[in-house]
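**Q** What follows is model.cif, mmCIF, C-alpha atoms and all ligand atoms.
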```cif
data_input
#
loop_
_atom_site.label_atom_id
_atom_site.label_comp_id
_atom_site.auth_asym_id
_atom_site.auth_seq_id
_atom_site.Cartn_x
_atom_site.Cartn_y
_atom_site.Cartn_z
CA MET A 243 170.10 164.43 83.53
CA SER A 244 169.68 162.19 86.59
CA SER A 245 166.31 161.87 88.30
CA LEU A 246 167.63 163.85 91.24
CA GLU A 247 168.76 166.68 88.97
CA THR A 248 165.34 166.66 87.33
CA SER A 249 163.74 166.87 90.74
CA ARG A 250 166.06 169.70 91.67
CA SER A 251 165.20 171.71 88.63
CA THR A 252 161.48 171.27 89.17
CA HIS A 253 161.55 173.07 92.47
CA ASN A 254 163.10 176.31 93.40
CA GLU A 255 166.77 176.86 92.73
CA ARG A 256 167.45 179.36 95.48
CA LEU A 257 168.55 176.74 98.00
CA ALA A 258 170.61 174.71 95.52
CA SER A 259 173.71 176.78 96.27
CA TYR A 260 173.51 175.49 99.84
CA GLY A 261 173.41 171.91 98.59
CA ILE A 262 169.69 171.41 99.24
CA ASN A 263 168.15 169.38 96.44
CA PHE A 264 165.00 167.78 97.87
CA PRO A 265 161.77 169.62 98.73
CA LEU A 266 160.86 168.31 102.20
CA CYS A 267 162.71 168.51 105.51
CA LEU A 268 162.03 167.87 109.19
CA ALA A 269 161.17 170.75 111.58
CA PRO A 270 163.01 171.20 114.89
CA MET A 271 160.97 169.93 117.83
CA VAL A 272 162.00 169.83 121.48
CA GLY A 273 161.78 166.28 122.80
CA LEU A 274 161.47 164.78 119.31
CA THR A 275 164.15 165.73 116.81
CA HIS A 276 166.94 163.85 118.53
CA ILE A 277 169.17 161.19 117.05
CA ALA A 278 166.56 158.41 117.22
CA LEU A 279 163.87 160.22 115.25
CA ARG A 280 166.35 161.66 112.78
CA LEU A 281 167.70 158.18 112.01
CA VAL A 282 164.21 156.75 111.54
CA VAL A 283 163.24 159.56 109.15
CA ARG A 284 166.56 159.57 107.32
CA GLN A 285 166.27 155.94 106.26
CA TYR A 286 163.56 157.02 103.78
CA LEU A 287 165.61 159.75 102.13
CA PRO A 288 166.34 158.93 98.46
CA LEU A 289 169.96 158.42 97.50
CA GLY A 290 171.83 161.64 96.82
CA ALA A 291 169.07 163.80 98.32
CA GLU A 292 170.30 166.52 100.68
CA VAL A 293 168.23 168.47 103.15
CA PRO A 294 169.18 170.18 106.42
CA TRP A 295 168.44 168.17 109.59
CA PRO A 296 167.48 169.85 112.86
CA THR A 297 168.39 169.14 116.43
CA GLU A 298 166.14 169.90 119.32
CA MET A 299 166.33 173.56 120.32
CA LEU A 300 169.64 174.14 122.16
CA ASN A 301 170.02 176.96 124.64
CA SER A 302 173.13 178.99 123.82
CA ARG A 303 173.49 179.99 127.46
CA ARG A 304 173.96 176.35 128.41
CA LEU A 305 175.88 174.95 125.45
CA PRO A 306 179.25 176.52 126.35
CA ASN A 307 179.22 174.57 129.65
CA GLU A 308 178.12 171.27 128.15
CA LYS A 309 180.00 168.43 126.51
CA VAL A 310 178.51 168.90 123.07
CA GLY A 311 178.05 165.49 121.46
CA PHE A 312 177.67 163.77 124.81
CA THR A 313 174.33 165.21 125.94
CA PRO A 314 171.09 163.53 124.81
CA GLU A 315 170.19 166.61 122.77
CA THR A 316 173.49 166.57 120.90
CA PHE A 317 174.02 162.83 120.32
CA ARG A 318 174.65 162.26 116.63
CA ALA A 319 175.56 159.34 114.39
CA ASP A 320 178.42 159.28 111.88
CA GLU A 321 176.07 158.92 108.93
CA GLU A 322 174.19 162.08 109.87
CA THR A 323 175.21 164.70 107.34
CA PHE A 324 173.92 168.26 106.97
CA LEU A 325 173.03 168.77 110.61
CA MET A 326 171.81 172.28 111.30
CA PRO A 327 171.38 172.58 115.06
CA GLN A 328 168.88 175.12 116.27
CA ILE A 329 169.97 177.57 118.94
CA LEU A 330 168.00 179.84 121.19
CA GLY A 331 169.76 182.93 122.44
CA ASN A 332 170.41 186.63 122.45
CA ASP A 333 173.82 187.03 124.05
CA GLU A 334 176.84 187.54 121.81
CA LYS A 335 179.43 185.69 123.86
CA ALA A 336 177.13 182.72 124.42
CA ILE A 337 176.18 182.55 120.75
CA ARG A 338 179.81 182.76 119.62
CA GLU A 339 180.94 180.08 122.07
CA SER A 340 178.00 177.82 121.20
CA ILE A 341 178.62 178.07 117.48
CA LYS A 342 182.32 177.32 117.96
CA ARG A 343 181.42 174.11 119.78
CA LEU A 344 178.76 173.15 117.29
CA GLU A 345 181.19 173.62 114.40
CA ILE A 346 183.62 171.20 116.03
CA TRP A 347 180.72 168.81 116.59
CA GLY A 348 180.07 168.87 112.84
CA ALA A 349 177.29 171.40 112.28
CA GLN A 350 176.88 172.33 108.64
CA GLY A 351 174.67 175.30 109.39
CA ILE A 352 173.06 177.07 112.33
CA ASP A 353 169.39 177.79 112.76
CA ILE A 354 168.21 180.52 115.13
CA ASN A 355 164.90 180.16 116.90
CA MET A 356 162.71 183.25 116.80
CA GLY A 357 159.45 181.37 117.16
CA CYS A 358 159.49 179.79 120.60
CA PRO A 359 156.51 181.23 122.50
CA VAL A 360 157.08 179.73 125.97
CA GLN A 361 157.06 182.11 128.94
CA LYS A 362 160.73 181.53 129.73
CA ALA A 363 161.77 182.61 126.24
CA LEU A 364 159.65 185.74 126.54
CA LYS A 365 161.14 186.57 129.92
CA HIS A 366 164.70 186.24 128.62
CA ASN A 367 163.90 188.12 125.40
CA TYR A 368 164.68 185.30 123.01
CA GLY A 369 162.57 182.97 120.90
CA VAL A 370 159.50 184.76 119.60
CA ALA A 371 160.20 187.74 121.88
CA LEU A 372 162.89 188.73 119.38
CA MET A 373 160.15 189.30 116.84
CA GLY A 374 159.11 192.32 118.89
CA ASP A 375 162.53 193.93 118.48
CA PRO A 376 163.62 193.96 114.82
CA GLN A 377 166.91 195.74 115.48
CA TYR A 378 167.95 193.37 118.22
CA ALA A 379 166.84 190.34 116.20
CA ALA A 380 169.02 191.53 113.32
CA ASP A 381 171.89 191.99 115.79
CA VAL A 382 171.43 188.41 116.99
CA VAL A 383 171.73 187.17 113.41
CA ARG A 384 174.84 189.30 112.96
CA MET A 385 176.35 187.85 116.13
CA ALA A 386 175.86 184.41 114.60
CA THR A 387 176.99 185.18 111.05
CA GLN A 388 180.11 186.93 112.31
CA SER A 389 180.97 183.82 114.34
CA THR A 390 180.85 181.36 111.45
CA LYS A 391 181.12 180.85 107.73
CA LEU A 392 178.31 178.28 107.88
CA PRO A 393 174.89 179.30 106.61
CA VAL A 394 172.67 180.77 109.31
CA SER A 395 168.90 180.47 108.98
CA VAL A 396 166.10 181.83 111.14
CA LYS A 397 162.83 180.13 112.00
CA LEU A 398 160.03 182.45 112.94
CA ARG A 399 156.29 182.79 113.33
CA ALA A 400 153.60 184.67 111.48
CA ALA A 401 152.61 188.26 111.74
CA GLY A 402 149.64 188.57 114.09
CA THR A 403 147.27 189.79 111.37
CA SER A 404 147.65 190.29 107.66
CA SER A 405 147.99 194.04 108.25
CA ASP A 406 151.16 193.24 110.21
CA PHE A 407 152.68 191.79 107.06
CA GLN A 408 154.74 194.92 106.34
CA TYR A 409 156.23 194.51 109.80
CA LEU A 410 157.13 190.90 109.03
CA LEU A 411 158.63 191.92 105.72
CA ASP A 412 160.78 194.65 107.29
CA PHE A 413 161.73 192.23 110.03
CA VAL A 414 162.97 189.48 107.72
CA THR A 415 164.67 191.99 105.44
CA GLY A 416 166.67 193.11 108.48
CA LEU A 417 167.61 189.50 109.22
CA HIS A 418 168.71 188.93 105.64
CA GLU A 419 170.79 192.11 105.64
CA SER A 420 172.51 190.78 108.76
CA GLY A 421 173.49 187.67 106.82
CA ALA A 422 170.64 185.18 107.30
CA ALA A 423 170.82 182.75 104.38
CA TRP A 424 167.15 181.84 104.49
CA ILE A 425 164.04 182.26 106.59
CA CYS A 426 161.58 179.61 107.65
CA LEU A 427 158.08 180.89 108.30
CA HIS A 428 155.63 179.00 110.50
CA PRO A 429 152.54 181.09 109.85
CA ARG A 430 150.79 180.65 113.16
CA THR A 431 150.92 183.55 115.58
CA ALA A 432 152.49 183.20 119.03
CA ALA A 433 148.97 183.27 120.47
CA GLN A 434 147.94 180.31 118.30
CA LYS A 435 150.89 178.27 119.58
CA ARG A 436 150.61 175.13 117.42
CA ARG A 437 146.84 174.93 117.06
CA GLY A 438 144.50 176.35 114.51
CA SER A 439 145.38 176.46 110.87
CA ALA A 440 148.62 177.82 109.52
CA ASP A 441 148.03 180.76 107.17
CA TRP A 442 149.97 179.65 104.09
CA SER A 443 149.07 182.88 102.28
CA GLN A 444 151.69 184.61 104.43
CA ILE A 445 154.34 182.22 103.08
CA LYS A 446 153.26 183.05 99.54
CA THR A 447 153.26 186.80 100.18
CA LEU A 448 156.69 186.61 101.78
CA ARG A 449 158.03 184.40 98.98
CA GLU A 450 156.87 186.94 96.41
CA ALA A 451 158.23 189.91 98.34
CA VAL A 452 161.84 188.82 98.88
CA SER A 453 164.62 187.41 96.72
CA PHE A 454 166.21 185.12 99.33
CA PRO A 455 164.98 181.57 100.03
CA VAL A 456 161.82 181.07 102.08
CA VAL A 457 161.01 177.77 103.76
CA GLY A 458 157.33 177.10 104.48
CA ASN A 459 156.12 175.25 107.55
CA GLY A 460 152.82 174.35 109.20
CA ASP A 461 150.07 171.77 108.80
CA ILE A 462 151.85 169.40 106.44
CA GLN A 463 150.23 166.04 107.12
CA THR A 464 150.57 164.19 103.80
CA VAL A 465 152.60 164.38 100.59
CA GLN A 466 149.60 166.00 98.93
CA ASP A 467 150.04 168.84 101.42
CA VAL A 468 153.70 169.12 100.45
CA TYR A 469 152.77 169.47 96.79
CA GLN A 470 149.98 171.90 97.62
CA MET A 471 152.17 174.10 99.76
CA GLN A 472 154.77 174.21 96.98
CA GLU A 473 152.15 175.11 94.43
CA GLN A 474 150.20 177.59 96.53
CA THR A 475 153.15 179.43 98.06
CA GLY A 476 156.11 178.83 95.73
CA CYS A 477 158.26 178.26 98.81
CA ASP A 478 161.77 176.95 98.28
CA LEU A 479 161.55 174.10 100.76
CA VAL A 480 158.71 172.59 102.75
CA MET A 481 159.30 171.80 106.42
CA SER A 482 157.11 169.40 108.36
CA GLY A 483 157.16 168.77 112.10
CA ARG A 484 154.47 166.51 113.54
CA GLY A 485 153.39 165.16 110.15
CA LEU A 486 156.81 163.96 109.09
CA ALA A 487 157.55 162.62 112.56
CA ALA A 488 154.40 160.48 112.31
CA ARG A 489 154.83 159.62 108.61
CA PRO A 490 158.55 159.56 107.91
CA TRP A 491 157.84 157.56 104.74
CA MET A 492 156.52 160.74 103.12
CA LEU A 493 160.12 161.02 101.88
CA TRP A 494 159.77 157.57 100.30
CA GLN A 495 156.39 158.40 98.73
CA MET A 496 157.88 161.55 97.22
CA ALA A 497 160.92 159.67 95.98
CA GLU A 498 158.61 157.16 94.33
CA ASP A 499 156.47 159.92 92.78
CA ARG A 500 159.61 161.44 91.31
CA GLY A 501 161.31 158.20 90.27
CA LEU A 502 164.30 158.81 92.53
CA GLU A 503 166.71 156.07 93.54
CA LEU A 504 165.96 154.58 96.94
CA PRO A 505 168.20 153.17 99.65
CA GLU A 506 168.74 149.43 99.22
CA ALA A 507 166.40 148.40 102.06
CA LEU A 508 163.43 150.01 100.26
CA ARG A 509 164.19 148.96 96.71
CA ASN A 510 161.97 145.90 96.41
CA ARG A 511 159.04 147.41 98.26
CA GLU A 512 156.41 149.96 97.41
CA ALA A 513 155.82 152.97 99.62
CA PRO A 514 152.81 152.54 101.91
CA ARG A 515 149.78 154.42 100.61
CA THR A 516 146.58 152.92 102.06
CA PRO A 517 145.45 153.60 105.66
CA GLU A 518 146.30 149.97 106.59
CA GLU A 519 149.71 150.04 104.88
CA GLU A 520 150.50 153.29 106.64
CA GLY A 521 149.29 151.87 109.96
CA ALA A 522 151.67 148.93 109.55
CA GLU A 523 154.59 151.17 108.58
CA TYR A 524 153.90 153.37 111.62
CA GLY A 525 154.24 150.21 113.74
CA ARG A 526 157.55 149.28 112.10
CA CYS A 527 158.89 152.80 112.59
CA LEU A 528 157.76 152.86 116.21
CA LEU A 529 159.52 149.59 117.04
CA GLN A 530 162.67 150.82 115.41
CA PHE A 531 162.36 154.20 117.14
CA SER A 532 161.95 152.44 120.52
CA GLU A 533 165.08 150.35 119.92
CA LEU A 534 167.06 153.47 119.05
CA CYS A 535 165.72 155.33 122.11
CA GLU A 536 166.78 152.43 124.34
CA LYS A 537 170.19 152.27 122.69
CA TYR A 538 170.98 155.98 122.92
CA PHE A 539 169.06 157.18 125.98
CA GLY A 540 168.72 154.14 128.24
CA GLU A 541 165.61 152.94 130.02
CA ASP A 542 164.32 156.01 131.89
CA LEU A 543 164.89 158.79 129.42
CA GLY A 544 164.36 156.45 126.47
CA LEU A 545 160.90 155.43 127.65
CA ARG A 546 159.93 159.03 128.27
CA LYS A 547 160.98 159.91 124.74
CA VAL A 548 158.98 157.05 123.24
CA ARG A 549 155.90 158.03 125.25
CA PHE A 550 156.20 161.61 124.09
CA TYR A 551 156.62 160.50 120.48
CA ILE A 552 153.51 158.33 120.77
CA ARG A 553 151.47 161.13 122.38
CA THR A 554 152.40 163.49 119.56
CA THR A 555 152.07 161.18 116.57
CA SER A 556 149.44 158.55 117.44
CA VAL A 557 146.69 161.14 116.79
CA TRP A 558 146.64 159.91 113.20
CA LEU A 559 145.87 156.34 114.30
CA GLN A 560 142.31 155.13 114.69
CA PHE A 561 143.18 153.65 118.09
CA GLY A 562 145.92 156.06 119.01
CA HIS A 563 144.52 156.54 122.53
CA THR A 564 145.00 152.79 123.20
CA LEU A 565 148.60 153.06 122.08
CA VAL A 566 149.14 156.01 124.43
CA SER A 567 147.84 154.06 127.40
CA LEU A 568 149.90 150.98 126.46
CA SER A 569 153.05 153.07 126.38
CA THR A 570 152.19 154.73 129.70
CA LYS A 571 151.61 151.30 131.27
CA SER A 572 154.86 149.76 130.01
CA ARG A 573 157.40 149.84 132.82
CA ASN A 574 160.44 148.91 130.74
CA PHE A 575 161.45 148.41 127.12
CA GLU A 576 160.71 144.71 127.16
CA GLU A 577 157.10 145.32 128.20
CA LEU A 578 156.83 148.13 125.70
CA ARG A 579 158.10 145.94 122.86
CA ASN A 580 155.65 143.16 123.72
CA ASN A 581 152.77 145.63 123.97
CA LEU A 582 153.66 147.20 120.63
CA LEU A 583 153.97 143.81 118.93
CA ASP A 584 150.52 142.81 120.25
CA PHE A 585 148.97 146.12 119.24
CA PHE A 586 150.29 146.00 115.67
CA LYS A 587 149.44 142.30 115.22
CA VAL A 588 145.95 143.60 114.46
CA PRO A 589 145.92 145.74 111.28
CA GLN A 590 145.86 149.40 112.29
CA VAL A 591 144.34 152.25 110.33
CA MET A 592 146.24 155.51 109.95
CA HIS A 593 144.14 158.50 108.92
CA SER A 594 145.47 161.01 106.41
CA TYR A 595 144.29 163.97 108.45
CA THR A 596 143.74 164.87 112.05
CA GLU A 597 143.24 168.03 114.03
CA LEU A 598 146.68 169.05 115.27
CA ARG A 599 146.62 169.97 118.95
CA GLN A 600 149.82 168.98 120.71
C1 LIG B 701 156.62 169.02 120.45
C2 LIG B 701 157.05 170.18 119.62
C3 LIG B 701 158.22 170.85 119.91
C4 LIG B 701 158.62 171.95 119.15
N1 LIG B 701 159.82 172.54 119.41
C5 LIG B 701 160.28 173.50 118.55
C6 LIG B 701 161.59 174.01 118.67
O1 LIG B 701 162.36 173.60 119.53
N2 LIG B 701 161.99 174.97 117.80
C7 LIG B 701 161.18 175.45 116.81
O2 LIG B 701 161.59 176.32 116.05
N3 LIG B 701 159.94 174.99 116.69
C8 LIG B 701 159.49 174.01 117.51
N4 LIG B 701 158.25 173.47 117.31
C9 LIG B 701 157.43 173.96 116.20
C10 LIG B 701 157.69 173.14 114.94
O3 LIG B 701 159.01 173.27 114.47
C11 LIG B 701 156.74 173.57 113.83
O4 LIG B 701 156.98 174.92 113.53
C12 LIG B 701 155.27 173.41 114.23
O5 LIG B 701 155.04 172.16 114.85
C13 LIG B 701 154.38 173.53 112.99
O6 LIG B 701 154.72 172.56 112.05
P1 LIG B 701 153.84 171.24 111.89
O7 LIG B 701 152.40 171.70 111.74
O8 LIG B 701 154.40 170.60 110.63
O9 LIG B 701 154.03 170.41 113.11
C14 LIG B 701 157.83 172.39 118.08
C15 LIG B 701 156.65 171.71 117.79
C16 LIG B 701 156.25 170.61 118.54
C17 LIG B 701 154.98 169.89 118.17
#
```
Could you render the structure from this file as structure tokens?
**A**
Amino acid sequence: MSSLETSRSTHNERLASYGINFPLCLAPMVGLTHIALRLVVRQYLPLGAEVPWPTEMLNSRRLPNEKVGFTPETFRADEETFLMPQILGNDEKAIRESIKRLEIWGAQGIDINMGCPVQKALKHNYGVALMGDPQYAADVVRMATQSTKLPVSVKLRAAGTSSDFQYLLDFVTGLHESGAAWICLHPRTAAQKRRGSADWSQIKTLREAVSFPVVGNGDIQTVQDVYQMQEQTGCDLVMSGRGLAARPWMLWQMAEDRGLELPEALRNREAPRTPEEEGAEYGRCLLQFSELCEKYFGEDLGLRKVRFYIRTTSVWLQFGHTLVSLSTKSRNFEELRNNLLDFFKVPQVMHSYTELRQ
């Protein structure tokens, strides 16, 4: 049995039929999970490992009028397999048209957002607003599953209180009956947005209550958190947003822990583990991320994306605030590169944990 098969059999089998054989994946994040970040994270994936990869949230009302593959949100590279774009929507025609375009683009699955809490989503009755209307939410899933043979997943938020758990259970059961292949639960309520702690016990309770796959998300900052979430909740796949964006080498650390084969570029190195090693790797990733942002998005948009990435992820760095101001000050990529090289010339410390706010 190969190492990868061993790793597959040590975690839950429910997602294996979809080709997923590694326990950690990246969460969809507007402004972050574009081609540049996905490529930076993907370089750490062990050979033969397969997990779904998100896009930024795509509005199904807009997609039918866009040149999918030629907008910054839908740029993709040839080596990007298992892309599962996330759509936001509630209108049948728009969902059908969007999925048709995304299939041609190369989607290998579709994720539906039922967790977005922004006012606009509430006003248009999509995102987390769908969680208030179980029947309509199930209809939205049916609209998607009837438009494609690809797996359709749903990402949603927690029940408001533990007494609402029955509601959540009925809600996800309806989604599954409409054809949802799996559910991802981010156990923070809409009111919590992305702050406060994620209530992993809801992932566990859901995992135990249903027979279909459950993906757990929220508060994963280190590989120890990945292992703890698996152990505490029994979830079939762990999804990390801000943590994995800041520490893409978590995939490498896990591969090393499991003895999995690494891509050639990593073979003669050891995964960073100490705060200084992680600080240095963050610097390497950031330089690479900046180059990719410049290449794919050009100066204006590219710089904005790098600044946003730094604002979100530098919270783990001891001097993250300095990095934020350096990136704000840099007027072009050349200045940014020089500032980053200067900053990381001095060994930087990356903390394991921080209070997540952004
Ligand atoms: C900047 C940012 C943008 C996000 N955009 C989306 C989104 O488009 N769709 C979605 O389902 N969740 C979105 N989320 C939520 C994340 O997918 C995830 O559920 C949340 O950050 C909790 O996971 P974490 O604690 O690992 O970051 C976003 C989060 C952040 C920080």
**Q** Quick one: residues within 6 Å of stretch 446-450 of chain A, all atoms listed in the file, excluding same-chain residues fewer than 3 positions away - as a list in words?
**A**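 Using all atoms listed in the file, the neighbours found are Ser443, Val456 and Thr475 of chain A.
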**Q** Just give me the gap between atom O3 of ligand LIG 701 (chain B) and atom CA of A:Lys335 in Å, one decimal is fine.
**A**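 That distance, rounded to one decimal, is 25.7 Å.
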**Q** From the options A:Gly421, A:Pro455, A:Gly273, A:Gly544, which residue's atoms come nearest to ligand LIG 701 (chain B), counting all atoms listed in the file?
**A**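 Among A:Gly421, A:Pro455, A:Gly273, A:Gly544, it is A:Gly273 that comes nearest to ligand LIG 701 (chain B).
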**Q** List the neighbours of A:Ala440 out to 8 Å using all atoms listed in the file; skip same-chain residues closer than 2 positions along the sequence, and give me the result as a list in words.
**A**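 Non-adjacent residues within range: His428, Pro429, Arg430, Gly438, Trp442, Gly460 and Asp461 of chain A.
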**Q** Can you pull out the residues contacting A:Glu518? Cut-off 12 Å, using all atoms listed in the file, and skip same-chain residues under 3 positions away; I want them as a PyMOL selection string.
**A** chain A and resi 514-515+521-525+558-560+586-594
**Q** Excluding A:Ser569 and residues on its chain fewer than 5 positions from it, collect all residues at most 12 Å away from it, counting all atoms listed in the file, and give them as a VMD selection string.
**A** chain A and resid 528 to 529 532 544 to 553 556 562 to 564 574 to 583 585
**Q** State, in Å with one decimal place, the distance from atom CA of A:Leu534 to atom CA of A:Trp491.
**A**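 Between atom CA of A:Leu534 and atom CA of A:Trp491 the gap is 17.5 Å.
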**Q** Tell me which of A:Asp353, A:Glu322, A:Glu308, A:Glu315 sits closest to A:His276, counting all atoms listed in the file.
**A**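 Closest residue, counting all atoms listed in the file: A:Glu315.
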**Q** Need to verify the contact set: A:Trp424, 8 Å, all atoms listed in the file, exclusion of same-chain residues closer than 2 positions in sequence. Can you return it as an MDAnalysis selection string?
**A** chainID A and resid 394:396 418 422 426 454:457
**Q** Calculate how many Å separate atom CA of A:Arg489 from atom CA of A:Phe324, rounding to one decimal.
**A**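 Between these atoms lies a distance of 21.0 Å.
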**Q** Can stretch 551-571 of chain A be brought up to N, CA and C atoms and written out as a PDB file, in the coordinates of the input?
**A**
```pdb
ATOM      1  N   TYR A 551     156.791 160.692 121.925  1.00  0.00           N
ATOM      2  CA  TYR A 551     156.620 160.500 120.480  1.00  0.00           C
ATOM      3  C   TYR A 551     155.218 159.933 120.201  1.00  0.00           C
ATOM      4  N   ILE A 552     154.818 158.955 120.984  1.00  0.00           N
ATOM      5  CA  ILE A 552     153.510 158.330 120.770  1.00  0.00           C
ATOM      6  C   ILE A 552     152.386 159.339 121.029  1.00  0.00           C
ATOM      7  N   ARG A 553     152.519 160.126 122.106  1.00  0.00           N
ATOM      8  CA  ARG A 553     151.470 161.130 122.380  1.00  0.00           C
ATOM      9  C   ARG A 553     151.312 162.107 121.220  1.00  0.00           C
ATOM     10  N   THR A 554     152.453 162.484 120.629  1.00  0.00           N
ATOM     11  CA  THR A 554     152.400 163.490 119.560  1.00  0.00           C
ATOM     12  C   THR A 554     151.917 162.910 118.239  1.00  0.00           C
ATOM     13  N   THR A 555     152.306 161.674 117.936  1.00  0.00           N
ATOM     14  CA  THR A 555     152.070 161.180 116.570  1.00  0.00           C
ATOM     15  C   THR A 555     150.918 160.177 116.444  1.00  0.00           C
ATOM     16  N   SER A 556     150.464 159.594 117.564  1.00  0.00           N
ATOM     17  CA  SER A 556     149.440 158.550 117.440  1.00  0.00           C
ATOM     18  C   SER A 556     148.068 159.150 117.128  1.00  0.00           C
ATOM     19  N   VAL A 557     147.979 160.485 117.087  1.00  0.00           N
ATOM     20  CA  VAL A 557     146.690 161.140 116.790  1.00  0.00           C
ATOM     21  C   VAL A 557     146.195 160.801 115.384  1.00  0.00           C
ATOM     22  N   TRP A 558     147.074 160.296 114.544  1.00  0.00           N
ATOM     23  CA  TRP A 558     146.640 159.910 113.200  1.00  0.00           C
ATOM     24  C   TRP A 558     146.089 158.475 113.180  1.00  0.00           C
ATOM     25  N   LEU A 559     146.307 157.736 114.282  1.00  0.00           N
ATOM     26  CA  LEU A 559     145.870 156.340 114.300  1.00  0.00           C
ATOM     27  C   LEU A 559     144.449 156.243 114.829  1.00  0.00           C
ATOM     28  N   GLN A 560     143.699 155.308 114.254  1.00  0.00           N
ATOM     29  CA  GLN A 560     142.310 155.130 114.690  1.00  0.00           C
ATOM     30  C   GLN A 560     142.242 154.826 116.201  1.00  0.00           C
ATOM     31  N   PHE A 561     143.189 153.996 116.664  1.00  0.00           N
ATOM     32  CA  PHE A 561     143.180 153.650 118.090  1.00  0.00           C
ATOM     33  C   PHE A 561     144.417 154.192 118.806  1.00  0.00           C
ATOM     34  N   GLY A 562     144.734 155.422 118.438  1.00  0.00           N
ATOM     35  CA  GLY A 562     145.920 156.060 119.010  1.00  0.00           C
ATOM     36  C   GLY A 562     145.861 156.149 120.536  1.00  0.00           C
ATOM     37  N   HIS A 563     144.660 156.405 121.072  1.00  0.00           N
ATOM     38  CA  HIS A 563     144.520 156.540 122.530  1.00  0.00           C
ATOM     39  C   HIS A 563     144.916 155.243 123.239  1.00  0.00           C
ATOM     40  N   THR A 564     144.622 154.084 122.595  1.00  0.00           N
ATOM     41  CA  THR A 564     145.000 152.790 123.200  1.00  0.00           C
ATOM     42  C   THR A 564     146.528 152.677 123.231  1.00  0.00           C
ATOM     43  N   LEU A 565     147.136 153.115 122.146  1.00  0.00           N
ATOM     44  CA  LEU A 565     148.600 153.060 122.080  1.00  0.00           C
ATOM     45  C   LEU A 565     149.232 153.937 123.168  1.00  0.00           C
ATOM     46  N   VAL A 566     148.631 155.115 123.385  1.00  0.00           N
ATOM     47  CA  VAL A 566     149.140 156.010 124.430  1.00  0.00           C
ATOM     48  C   VAL A 566     149.064 155.303 125.781  1.00  0.00           C
ATOM     49  N   SER A 567     147.930 154.664 126.069  1.00  0.00           N
ATOM     50  CA  SER A 567     147.840 154.060 127.400  1.00  0.00           C
ATOM     51  C   SER A 567     148.749 152.833 127.507  1.00  0.00           C
ATOM     52  N   LEU A 568     148.953 152.114 126.397  1.00  0.00           N
ATOM     53  CA  LEU A 568     149.900 150.980 126.460  1.00  0.00           C
ATOM     54  C   LEU A 568     151.312 151.458 126.770  1.00  0.00           C
ATOM     55  N   SER A 569     151.678 152.578 126.155  1.00  0.00           N
ATOM     56  CA  SER A 569     153.050 153.070 126.380  1.00  0.00           C
ATOM     57  C   SER A 569     153.188 153.607 127.806  1.00  0.00           C
ATOM     58  N   THR A 570     152.121 154.207 128.328  1.00  0.00           N
ATOM     59  CA  THR A 570     152.190 154.730 129.700  1.00  0.00           C
ATOM     60  C   THR A 570     152.311 153.574 130.692  1.00  0.00           C
ATOM     61  N   LYS A 571     151.616 152.480 130.386  1.00  0.00           N
ATOM     62  CA  LYS A 571     151.610 151.300 131.270  1.00  0.00           C
ATOM     63  C   LYS A 571     152.921 150.523 131.264  1.00  0.00           C
TER      64      LYS A 571
END
```
